[in-house]
Every structure is written in C-alpha cells, then in structure tokens.
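Asker: First the structure, which I've put down as structure tokens, then a few questions once you've had a look.
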Amino acid sequence: MPTHKQQRRRALELLEASIDGCTEAIMLAYGFKTEVLVELVNAELATSTIERMVIGGRGLGRCGTTTSRPCAA
C-alpha cells in the first residue's frame, strides 16, 4: 500500500497530466480517497471548482468538479 506522501504525489502527477484537471469521480476511480483531495486543496496544491452541466439542453443543476489543475508555484 502506498504511503500517504506517495498518494499525494501520484494525485498531483495525474492532475498535472490532465489539460483541464480531473473530476472527483475520475480521481476516486483512480483510487484516491476524498481526504487526500481535500488535503491537496487545503494545502493550495490543487484548486476546487463547481460547474453547471447541461446535457441535451437541460440543466442538471450543479455537479462538482472537486479537483482541478495544480496551482502554479
């Protein structure tokens, strides 16, 4: 099992490789726990946004995009 530091590093590497960042669902699918994502946002190593999704002309309300690109250092 990877250490906590290794999980954070892996999450940041995945975010860096993604042009538009990753949704929480994608990050969870890769095995990251919500706590790790919250930690990265609180440490200002990643950002969190909420976006409205529209499919077929109908708004689905607000769907979370909790983890985005890493913040610039």
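Labels used: A, B, ... for chains in the order of the structure tokens, numbers from 1 for residues in each chain, and numbers from 1 for ligands as shown.
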So which residues touch Leu12 in chain A within 12 Å, counting only C-alpha atoms, skipping near sequence neighbours fewer than 2 positions away, as number ranges by chain?

Answerer: A: 5-10, 14-18, 21-22, 27, 32, 36-37, 39-41, 44-47, 67-72

Asker: Export, as a PDB file, in the first residue's frame, the selected residues with C-alpha atoms.

Answerer:
```pdb
ATOM      1  CA  LYS A   5       3.063  11.085   0.661  1.00  0.00           C
ATOM      2  CA  GLN A   6       3.171   8.769  -2.358  1.00  0.00           C
ATOM      3  CA  GLN A   7      -0.624   9.059  -2.784  1.00  0.00           C
ATOM      4  CA  ARG A   8      -0.436  12.870  -2.738  1.00  0.00           C
ATOM      5  CA  ARG A   9       2.409  12.853  -5.265  1.00  0.00           C
ATOM      6  CA  ARG A  10       0.548  10.429  -7.560  1.00  0.00           C
ATOM      7  CA  LEU A  14      -2.330  12.827 -12.540  1.00  0.00           C
ATOM      8  CA  LEU A  15      -3.645  16.388 -12.278  1.00  0.00           C
ATOM      9  CA  GLU A  16      -0.558  17.780 -13.976  1.00  0.00           C
ATOM     10  CA  ALA A  17      -1.025  15.364 -16.896  1.00  0.00           C
ATOM     11  CA  SER A  18      -4.647  16.467 -17.417  1.00  0.00           C
ATOM     12  CA  GLY A  21      -7.892  18.828 -14.452  1.00  0.00           C
ATOM     13  CA  CYS A  22      -9.945  15.880 -13.205  1.00  0.00           C
ATOM     14  CA  MET A  27      -9.850  10.787  -9.006  1.00  0.00           C
ATOM     15  CA  PHE A  32      -7.697   8.365  -4.347  1.00  0.00           C
ATOM     16  CA  VAL A  36      -6.390  13.211   0.025  1.00  0.00           C
ATOM     17  CA  LEU A  37      -8.169  15.522  -2.435  1.00  0.00           C
ATOM     18  CA  GLU A  39      -5.854  17.897   1.773  1.00  0.00           C
ATOM     19  CA  LEU A  40      -4.395  18.983  -1.584  1.00  0.00           C
ATOM     20  CA  VAL A  41      -6.971  21.766  -1.907  1.00  0.00           C
ATOM     21  CA  GLU A  44      -3.324  25.058  -2.046  1.00  0.00           C
ATOM     22  CA  LEU A  45      -1.610  22.433  -4.215  1.00  0.00           C
ATOM     23  CA  ALA A  46      -4.827  21.980  -6.225  1.00  0.00           C
ATOM     24  CA  THR A  47      -7.989  24.006  -6.751  1.00  0.00           C
ATOM     25  CA  THR A  67     -10.141  18.678  -8.049  1.00  0.00           C
ATOM     26  CA  SER A  68      -8.644  20.693 -10.818  1.00  0.00           C
ATOM     27  CA  ARG A  69      -5.169  21.553 -12.123  1.00  0.00           C
ATOM     28  CA  PRO A  70      -2.392  22.033  -9.583  1.00  0.00           C
ATOM     29  CA  CYS A  71      -1.888  25.655  -8.561  1.00  0.00           C
ATOM     30  CA  ALA A  72       1.099  27.412 -10.049  1.00  0.00           C
TER      31      ALA A  72
END
```

Asker: As an NGL selection string, please: every residue in range 3-54 of chain A that DSSP puts in helix (DSSP H, G or I).

Answerer: :A and (4-17 or 24-29 or 34-42)

Asker: Which one of A:Ala29, A:Ala11, A:Thr23, A:His4 sits closest to Glu51 in chain A if you count only C-alpha atoms?

Answerer: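 For Glu51 in chain A, the nearest of the candidates is A:Thr23.
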
Asker: Can you measure CA of Leu28 in chain A to CA of Met1 in chain A for me? One decimal in Å is fine.

Answerer: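 Straight-line distance from CA of Leu28 in chain A to CA of Met1 in chain A works out to 16.1 Å.
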
Asker: Grab the CA of Ile26 in chain A to CA of Ala43 in chain A distance for me, in Å with one decimal place.

Answerer: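 These two atoms are separated by 20.5 Å.
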
Asker: Taking the DSSP assignment computed from this structure's backbone, write out as a list in words all residues of range 6-71 of chain A that belong to strand (DSSP E or B).

Answerer: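 Selecting the strand (DSSP E or B) positions of range 6-71 of chain A gives Cys22, Ala46, Thr49, Ile50, Glu51, Arg52, Met53, Val54, Ile55, Arg58, Gly59, Leu60, Gly61, Arg62, Cys63, Gly64, Thr65, Thr67 and Pro70 of chain A.
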
Asker: Write the residues of the preceding selection, restricted to C-alpha atoms, as an mmCIF file, in the first residue's frame.

Answerer:
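Final file, again.cif:
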```
data_model
loop_
_atom_site.group_PDB
_atom_site.id
_atom_site.type_symbol
_atom_site.label_atom_id
_atom_site.label_comp_id
_atom_site.auth_asym_id
_atom_site.auth_seq_id
_atom_site.Cartn_x
_atom_site.Cartn_y
_atom_site.Cartn_z
ATOM 1 C CA CYS A 22 -9.945 15.880 -13.205
ATOM 2 C CA ALA A 46 -4.827 21.980 -6.225
ATOM 3 C CA THR A 49 -14.472 24.397 -8.647
ATOM 4 C CA ILE A 50 -18.145 23.682 -9.161
ATOM 5 C CA GLU A 51 -19.553 23.725 -12.675
ATOM 6 C CA ARG A 52 -23.072 23.565 -14.056
ATOM 7 C CA MET A 53 -23.637 20.768 -16.551
ATOM 8 C CA VAL A 54 -26.084 20.983 -19.451
ATOM 9 C CA ILE A 55 -26.966 17.858 -21.410
ATOM 10 C CA ARG A 58 -31.460 20.649 -19.901
ATOM 11 C CA GLY A 59 -29.522 21.826 -16.887
ATOM 12 C CA LEU A 60 -28.662 19.144 -14.382
ATOM 13 C CA GLY A 61 -28.089 21.564 -11.539
ATOM 14 C CA ARG A 62 -24.648 21.836 -10.061
ATOM 15 C CA CYS A 63 -22.242 18.969 -10.473
ATOM 16 C CA GLY A 64 -18.988 19.092 -8.553
ATOM 17 C CA THR A 65 -15.580 19.212 -10.100
ATOM 18 C CA THR A 67 -10.141 18.678 -8.049
ATOM 19 C CA PRO A 70 -2.392 22.033 -9.583
#
```
